[in-house]
Structure formats: C-alpha cells, structure tokens
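K.L.:
Please see the structure below; I have some questions.
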Amino acid sequence: MSPVKHRSAKAQAHLTVIRARAGLVRSRTALINTARGLTKSYGERLRGCNPRNMNPEKAQGLSPELQAALEPLLAAIEALSERIYEYHQQIEKIARESYPQVARLEQVKGVGTLIALTYMLTLEDPHRFRKSRDVGCYVGLQPGRRNSGQSEPQLHISKEGDPYLRTLLVQGAHHILGPFGADSDLRRWGLKLAERGGKNGKKRAVIATARKLAVLLHRLWVSGEAYEPLRNSSPVRMTVAA
C-alpha cells in the first residue's frame with residue numbers, strides 16, 4: 001500500500017477557487033442550453049450564442065412573448081459571466097503571486113493559466129512521481145490492456161484521478177491539434193496518430209495527446225528547462241545555389 005499524501009491547506013484553498021469557477025461555468029452552459037431549447041421549441045432561433053456575449057439584448061429579434069420569457073434567463077447568464085470573469089482575474093492573481101512556475105508550463109501553446117495552475121495544484125508535489133510517464137496514469141489517461149492468448153487488445157482509458165484536470169488536459173489537446181494549434185513535436189505526433197487511427201482516430205489522438213501533454217508539463221516543471229516545440233524534429237536544411 002502506498003502512503004496517502006494530503007494536499008496542503010493553501011493548495012486546497014486555491015484549488016477551491018478553480019472548482020468554484022468550474023461550477024459557475026457548468027451552470028452557465030446549462031442555462032444557455034435551456035434558452036436555446038426554449039427558443040427552438042417556439043419555432044425561433046437565438047443567434048450568436050457565445051457564452052461571453054449572452055445578455056438580454058440577444059432576445060431583441062425574437063417575438064414579444066418569447067422576449068418576456070427569456071430576458072430574465074439571459075440576464076442571469078450575463079451575471080454568471082461577470083462572476084466567472086472575476087474568478088478568472090482571481091486565478092491569474094493567485095498564479096502570479098504564489099506559483100511562478102506556472103509561467104514555465106505556459107510555454108506550451110494551448111496551456112493557459114487555468115490548465116497550468118490546476119495541474120500544479122492537483123499534483124502539488126512533482127517529486128511524488130518517479131518518472132514523468134507516471135503522471136499519465138495518475139490523471140486517468142492511460143488505456144488498459146487485456147491479455148488473451150496472443151492478443152493484447154487496447155481498452156478504454158482508466159479515468160482515474162481528478163476528472164476536472166483530465167477535462168482541462170483534453171481541452172488543451174483539442175487546441176494543440178486544432179486549426180489554431182502552433183507547430184510542435186506534440187502536434188505533429190498527434191496528427192500523425194489521427195491519420196492512421198481509422199474511424200475513431202481523431203478521438204484517440206486527442207486522448208493520447210492529452211496524456212503526452214500531462215507528461216510534458218511534469219517534465220518542464222521538474223527540470224526547469226525552456227520548452228522547445230520542435231526539439232525532436234530535424235532542422236530543415238536549405239541548399240543555397242552559389
């Protein structure tokens with residue numbers, strides 16, 4: 001049996017701020033879906049459903065009856081967005097004043113303050129892990145395997161550990177592999193994996209990239225090295241004609 005390591009009171013307090021924000025985000029998403037569903041059932045459409053811009057003005061193009069029904073709901077969404085922004089400012093302040101190592105993890109494009117700080121607070125002590133690869137198992141992104149004779153089929157990921165951190169890592173992987181992701185060894189590896197994965201190749205590539213991202217962040221945290229996006233790629237050599 002491994003010893004249980006409790007999180008410090010300071011880290012728990014800061015992590016509570018992050019989880020409180022996550023609760024507001026979930027509530028806002030549920031309210032937005034409710035507003036869209038009610039509008040659709042009435043035969044109309046609520047346009048421009050960006051969560052940051054949802055306010056009573058969005059109901060102006062709707063019928064008067066629907067406007068009267070939705071304006072209080074849209075006002076509540078707007079109020080939640082304001083509270084979420086206040087939490088965002090608080091999280092930025094916590095990272096800046098108490099966790100300077102966050103900037104080291106933010107070197108990876110697709111990893112913002114929220115992902116980096118949540119990662120550090122959840123793990124808290126990076127030296128708990130003998131190898132950086134162990135972090136992939138800790139966050140539940142390691143697929144299982146079943147040995148059956150000569151066959152070793154790959155199973156689903158374990159989904160152990162903190163579910164919110166796992167969600168954030170997957171979101172970061174989506175950005176890295178998405179159209180706005182910066183060129184890097186991690187992106188190239190993930191895209192190559194997606195190409196040969198068949199019908200579910202993209203989904204598997206996202207999960208695998210999230211696992212590699214967790215390992216990479218731990219390595220940067222422990223080593224203190226500067227992140228080199230194309231460290232493993234061969235430099236392009238151009239021959240200039242004389």
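Ordering of the structure tokens sets the chain letters (A, B, ...); residue numbers start at 1 within each chain; ligands are numbered from 1 in the order shown.
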Quick one: everything within 9 Å of Ala59 in chain A, counting only C-alpha atoms, minus sequence neighbours fewer than 3 positions away in the same chain. Send it as a ChimeraX atom specification.

P.N.:
/A:46-47,55-56,62-64,66-68,70-71,74

K.L.:
Keeping C-alpha atoms, export the residues of the selection given above as an mmCIF file, in the first residue's frame.

P.N.:
data_model
loop_
_atom_site.group_PDB
_atom_site.id
_atom_site.type_symbol
_atom_site.label_atom_id
_atom_site.label_comp_id
_atom_site.auth_asym_id
_atom_site.auth_seq_id
_atom_site.Cartn_x
_atom_site.Cartn_y
_atom_site.Cartn_z
ATOM 1 C CA LEU A 46 -31.433 32.509 -30.627
ATOM 2 C CA ARG A 47 -28.488 33.718 -32.693
ATOM 3 C CA ASN A 55 -27.321 39.100 -22.454
ATOM 4 C CA PRO A 56 -30.948 40.327 -22.692
ATOM 5 C CA LEU A 62 -37.487 37.352 -31.054
ATOM 6 C CA SER A 63 -41.253 37.598 -30.721
ATOM 7 C CA PRO A 64 -42.553 39.755 -27.806
ATOM 8 C CA LEU A 66 -40.523 34.952 -26.110
ATOM 9 C CA GLN A 67 -38.600 38.103 -25.192
ATOM 10 C CA ALA A 68 -40.604 38.457 -21.989
ATOM 11 C CA LEU A 70 -36.202 34.802 -21.867
ATOM 12 C CA GLU A 71 -34.941 38.203 -20.726
ATOM 13 C CA LEU A 74 -30.447 35.873 -20.296
#

K.L.:
Can you tell me, as a list in words, what residues are no more than 10 Å from Gly161 in chain A when counting only C-alpha atoms, ignoring any on the same chain fewer than 2 positions away?

P.N.:
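The contact residues come out as Thr122, Val135, Gly136, Cys137, Tyr138, Val139, Gly140, Leu141, Ser158, Lys159, Pro163, Tyr164, Leu165 and Arg166 of chain A.
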
K.L.:
Selected residues, C-alpha atoms, written as a PDB file, in the first residue's frame, please.

P.N.:
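Final file, out17.pdb:
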ATOM      1  CA  THR A 122      -3.709  18.885  -8.227  1.00  0.00           C
ATOM      2  CA  VAL A 135       1.522  11.215 -14.465  1.00  0.00           C
ATOM      3  CA  GLY A 136      -0.421   9.862 -17.439  1.00  0.00           C
ATOM      4  CA  CYS A 137      -1.688   7.026 -15.247  1.00  0.00           C
ATOM      5  CA  TYR A 138      -2.337   9.364 -12.314  1.00  0.00           C
ATOM      6  CA  VAL A 139      -4.735  11.540 -14.320  1.00  0.00           C
ATOM      7  CA  GLY A 140      -6.527   8.514 -15.777  1.00  0.00           C
ATOM      8  CA  LEU A 141      -5.450   8.918 -19.410  1.00  0.00           C
ATOM      9  CA  SER A 158      -8.927   4.222 -16.756  1.00  0.00           C
ATOM     10  CA  LYS A 159     -10.453   7.663 -15.944  1.00  0.00           C
ATOM     11  CA  PRO A 163     -11.847  14.393 -13.586  1.00  0.00           C
ATOM     12  CA  TYR A 164     -11.639  18.190 -13.924  1.00  0.00           C
ATOM     13  CA  LEU A 165      -7.875  18.150 -14.554  1.00  0.00           C
ATOM     14  CA  ARG A 166      -8.401  15.398 -17.105  1.00  0.00           C
TER      15      ARG A 166
END

K.L.:
Can you tell me, as a list of chain:residue names, what residues are no more than 9 Å from Arg7 in chain A when counting only C-alpha atoms, ignoring any on the same chain fewer than 4 positions away?

P.N.:
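With the cut-off at 9 Å, the set is A:Ala11, A:Gln12, A:Leu121, A:Thr122, A:Leu123, A:Glu124.
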
K.L.:
Write out, as a PDB file, in the first residue's frame, the residues just selected, with N, CA and C atoms.

P.N.:
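Output (result.pdb):
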ATOM      1  N   ALA A  11      -2.931  24.980  -0.884  1.00  0.00           N
ATOM      2  CA  ALA A  11      -3.245  24.464  -2.211  1.00  0.00           C
ATOM      3  C   ALA A  11      -4.727  24.123  -2.327  1.00  0.00           C
ATOM      4  N   GLN A  12      -5.298  23.575  -1.256  1.00  0.00           N
ATOM      5  CA  GLN A  12      -6.720  23.226  -1.290  1.00  0.00           C
ATOM      6  C   GLN A  12      -7.587  24.467  -1.416  1.00  0.00           C
ATOM      7  N   LEU A 121      -1.665  22.501  -8.795  1.00  0.00           N
ATOM      8  CA  LEU A 121      -2.343  22.357  -7.511  1.00  0.00           C
ATOM      9  C   LEU A 121      -2.834  20.929  -7.291  1.00  0.00           C
ATOM     10  N   THR A 122      -3.225  20.255  -8.361  1.00  0.00           N
ATOM     11  CA  THR A 122      -3.709  18.885  -8.227  1.00  0.00           C
ATOM     12  C   THR A 122      -2.563  17.936  -7.896  1.00  0.00           C
ATOM     13  N   LEU A 123      -1.428  18.097  -8.581  1.00  0.00           N
ATOM     14  CA  LEU A 123      -0.265  17.254  -8.292  1.00  0.00           C
ATOM     15  C   LEU A 123       0.467  17.745  -7.045  1.00  0.00           C
ATOM     16  N   GLU A 124       0.556  19.054  -6.901  1.00  0.00           N
ATOM     17  CA  GLU A 124       1.215  19.785  -5.808  1.00  0.00           C
ATOM     18  C   GLU A 124       2.704  19.481  -5.710  1.00  0.00           C
TER      19      GLU A 124
END

K.L.:
Please compute the CA of Lys192 in chain A-CA of Ala205 in chain A distance, one decimal, in Å.

P.N.:
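Taking CA of Lys192 in chain A as the start and CA of Ala205 in chain A as the end point, the length is 8.5 Å.
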
K.L.:
With distances taken over only C-alpha atoms, which of A:His218, A:Arg52, A:Arg187, A:Arg231 is nearest to His174 in chain A?

P.N.:
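For His174 in chain A, the nearest of the candidates is A:Arg187.
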
K.L.:
Taking 3 positions as the minimum chain separation for residues in the same chain, which residues sit within 6 Å of Ala210 in chain A when counting only C-alpha atoms? Answer as number ranges by chain.

P.N.:
A: 169-170, 173, 207, 213

K.L.:
Please save all heavy atoms of the selected residues as a PDB file, in the first residue's frame.

P.N.:
ATOM      1  N   LEU A 169      -6.957  18.930 -19.592  1.00  0.00           N
ATOM      2  CA  LEU A 169      -5.883  18.410 -20.444  1.00  0.00           C
ATOM      3  C   LEU A 169      -6.416  18.021 -21.821  1.00  0.00           C
ATOM      4  O   LEU A 169      -5.756  18.258 -22.842  1.00  0.00           O
ATOM      5  CB  LEU A 169      -5.215  17.211 -19.774  1.00  0.00           C
ATOM      6  CG  LEU A 169      -4.368  17.516 -18.535  1.00  0.00           C
ATOM      7  CD1 LEU A 169      -3.952  16.221 -17.843  1.00  0.00           C
ATOM      8  CD2 LEU A 169      -3.138  18.345 -18.897  1.00  0.00           C
ATOM      9  N   VAL A 170      -7.617  17.460 -21.858  1.00  0.00           N
ATOM     10  CA  VAL A 170      -8.227  17.108 -23.139  1.00  0.00           C
ATOM     11  C   VAL A 170      -8.556  18.375 -23.931  1.00  0.00           C
ATOM     12  O   VAL A 170      -8.371  18.424 -25.146  1.00  0.00           O
ATOM     13  CB  VAL A 170      -9.489  16.251 -22.908  1.00  0.00           C
ATOM     14  CG1 VAL A 170     -10.273  16.077 -24.209  1.00  0.00           C
ATOM     15  CG2 VAL A 170      -9.099  14.880 -22.348  1.00  0.00           C
ATOM     16  N   ALA A 173      -5.435  19.527 -25.447  1.00  0.00           N
ATOM     17  CA  ALA A 173      -5.076  18.679 -26.587  1.00  0.00           C
ATOM     18  C   ALA A 173      -5.897  19.042 -27.817  1.00  0.00           C
ATOM     19  O   ALA A 173      -5.378  19.039 -28.940  1.00  0.00           O
ATOM     20  CB  ALA A 173      -5.287  17.212 -26.218  1.00  0.00           C
ATOM     21  N   ILE A 207      -6.951  12.002 -26.945  1.00  0.00           N
ATOM     22  CA  ILE A 207      -6.664  11.427 -25.627  1.00  0.00           C
ATOM     23  C   ILE A 207      -5.172  11.147 -25.475  1.00  0.00           C
ATOM     24  O   ILE A 207      -4.569  11.431 -24.431  1.00  0.00           O
ATOM     25  CB  ILE A 207      -7.478  10.135 -25.416  1.00  0.00           C
ATOM     26  CG1 ILE A 207      -8.979  10.432 -25.432  1.00  0.00           C
ATOM     27  CG2 ILE A 207      -7.088   9.480 -24.104  1.00  0.00           C
ATOM     28  CD1 ILE A 207      -9.438  11.407 -24.378  1.00  0.00           C
ATOM     29  N   LEU A 213       0.737  15.435 -23.101  1.00  0.00           N
ATOM     30  CA  LEU A 213       0.796  16.792 -22.560  1.00  0.00           C
ATOM     31  C   LEU A 213       1.010  16.762 -21.053  1.00  0.00           C
ATOM     32  O   LEU A 213       1.808  17.542 -20.518  1.00  0.00           O
ATOM     33  CB  LEU A 213      -0.496  17.533 -22.899  1.00  0.00           C
ATOM     34  CG  LEU A 213      -0.633  18.959 -22.356  1.00  0.00           C
ATOM     35  CD1 LEU A 213       0.483  19.852 -22.898  1.00  0.00           C
ATOM     36  CD2 LEU A 213      -1.999  19.534 -22.709  1.00  0.00           C
TER      37      LEU A 213
END

K.L.:
Closest to Thr34 in chain A among A:Lys131, A:Cys49, A:Tyr99, A:Tyr227, using only C-alpha atoms?

P.N.:
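Closest residue, counting only C-alpha atoms: A:Cys49.
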
K.L.:
Which residue, A:Leu80, A:Leu217, A:Ala20, A:Val206, has the smallest gap to Gly112 in chain A when you use only C-alpha atoms?

P.N.:
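Going through A:Leu80, A:Leu217, A:Ala20, A:Val206 one by one, the smallest distance to Gly112 in chain A is for A:Leu217.
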
K.L.:
Using only C-alpha atoms, which of A:Val108, A:Leu177, A:Ala182, A:Ala9 sits nearest Ala226 in chain A?

P.N.:
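Comparing A:Val108, A:Leu177, A:Ala182, A:Ala9 against Ala226 in chain A, the winner is A:Val108.
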
K.L.:
Go through A:Ser81, A:Ser41, A:Thr209, A:Ser223 one by one, measure the shortest atom-to-atom distance of each to Leu186 in chain A using only C-alpha atoms, and give the residue with the smallest value.

P.N.:
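Distance minimum relative to Leu186 in chain A lands on A:Thr209.
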
K.L.:
Please report the interatomic distance between CA of Asn232 in chain A and CA of His175 in chain A in Å with one decimal.

P.N.:
20.6 Å

K.L.:
List every residue of range 13-212 of chain A that DSSP, applied to the backbone of this structure, assigns to strand (DSSP E or B), and report them as a list in words.

P.N.:
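So, restricting range 13-212 of chain A to strand (DSSP E or B), we get Pro143, Gly144, Arg145, Ser148, Ser151, Gln154, Leu155, His156 and Ile157 of chain A.
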
K.L.:
Write down as a ChimeraX atom specification the residues belonging to range 44-239 of chain A that are assigned helix (DSSP H, G or I) by DSSP computed on the backbone.

P.N.:
/A:51-53,56-59,64-98,102-105,113-123,126-128,134-138,163-177,185-195,198-223

K.L.:
Name all residues at most 12 Å from Glu86 in chain A (count only C-alpha atoms; drop same-chain ones fewer than 6 positions away) and give them as a list in words.

P.N.:
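These residues fall inside the cut-off: Val17, Ile18, Ala20, Arg21, Leu24, Ala79, Leu80, Glu92 and Lys93 of chain A.
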
K.L.:
Grab the residues selected above and save them as a PDB file, in the first residue's frame with N, CA, C and O atoms.

P.N.:
ATOM      1  N   VAL A  17     -11.043  27.744  -5.403  1.00  0.00           N
ATOM      2  CA  VAL A  17     -11.392  28.865  -6.279  1.00  0.00           C
ATOM      3  C   VAL A  17     -11.605  28.381  -7.711  1.00  0.00           C
ATOM      4  O   VAL A  17     -12.569  28.761  -8.385  1.00  0.00           O
ATOM      5  N   ILE A  18     -10.712  27.526  -8.171  1.00  0.00           N
ATOM      6  CA  ILE A  18     -10.811  26.990  -9.533  1.00  0.00           C
ATOM      7  C   ILE A  18     -12.069  26.146  -9.686  1.00  0.00           C
ATOM      8  O   ILE A  18     -12.793  26.242 -10.693  1.00  0.00           O
ATOM      9  N   ALA A  20     -14.804  26.320  -7.904  1.00  0.00           N
ATOM     10  CA  ALA A  20     -15.991  27.180  -7.819  1.00  0.00           C
ATOM     11  C   ALA A  20     -16.274  27.819  -9.169  1.00  0.00           C
ATOM     12  O   ALA A  20     -17.433  27.909  -9.609  1.00  0.00           O
ATOM     13  N   ARG A  21     -15.219  28.266  -9.851  1.00  0.00           N
ATOM     14  CA  ARG A  21     -15.389  28.815 -11.197  1.00  0.00           C
ATOM     15  C   ARG A  21     -15.952  27.770 -12.147  1.00  0.00           C
ATOM     16  O   ARG A  21     -16.840  28.062 -12.962  1.00  0.00           O
ATOM     17  N   LEU A  24     -19.640  27.463 -11.813  1.00  0.00           N
ATOM     18  CA  LEU A  24     -20.369  28.543 -12.485  1.00  0.00           C
ATOM     19  C   LEU A  24     -20.400  28.327 -13.993  1.00  0.00           C
ATOM     20  O   LEU A  24     -21.404  28.611 -14.650  1.00  0.00           O
ATOM     21  N   ALA A  79     -25.041  37.743 -15.691  1.00  0.00           N
ATOM     22  CA  ALA A  79     -24.498  37.894 -14.338  1.00  0.00           C
ATOM     23  C   ALA A  79     -23.486  36.791 -14.029  1.00  0.00           C
ATOM     24  O   ALA A  79     -22.443  37.049 -13.402  1.00  0.00           O
ATOM     25  N   LEU A  80     -23.779  35.572 -14.474  1.00  0.00           N
ATOM     26  CA  LEU A  80     -22.827  34.479 -14.264  1.00  0.00           C
ATOM     27  C   LEU A  80     -21.516  34.739 -14.990  1.00  0.00           C
ATOM     28  O   LEU A  80     -20.437  34.446 -14.462  1.00  0.00           O
ATOM     29  N   GLU A  92      -5.704  34.355 -12.059  1.00  0.00           N
ATOM     30  CA  GLU A  92      -4.492  34.968 -12.609  1.00  0.00           C
ATOM     31  C   GLU A  92      -3.633  35.561 -11.493  1.00  0.00           C
ATOM     32  O   GLU A  92      -2.401  35.435 -11.509  1.00  0.00           O
ATOM     33  N   LYS A  93      -4.272  36.190 -10.516  1.00  0.00           N
ATOM     34  CA  LYS A  93      -3.535  36.797  -9.400  1.00  0.00           C
ATOM     35  C   LYS A  93      -2.874  35.725  -8.542  1.00  0.00           C
ATOM     36  O   LYS A  93      -1.716  35.875  -8.122  1.00  0.00           O
TER      37      LYS A  93
END

K.L.:
Quick check, in Å to one decimal: how far apart do CA of Gly48 in chain A and CA of Ser27 in chain A lie?

P.N.:
18.7 Å

K.L.:
What lies within 6 Å of Leu105 in chain A using only C-alpha atoms, ignoring chain neighbours under 2 positions off, as a PyMOL selection string?

P.N.:
chain A and resi 102-103+107+116+217
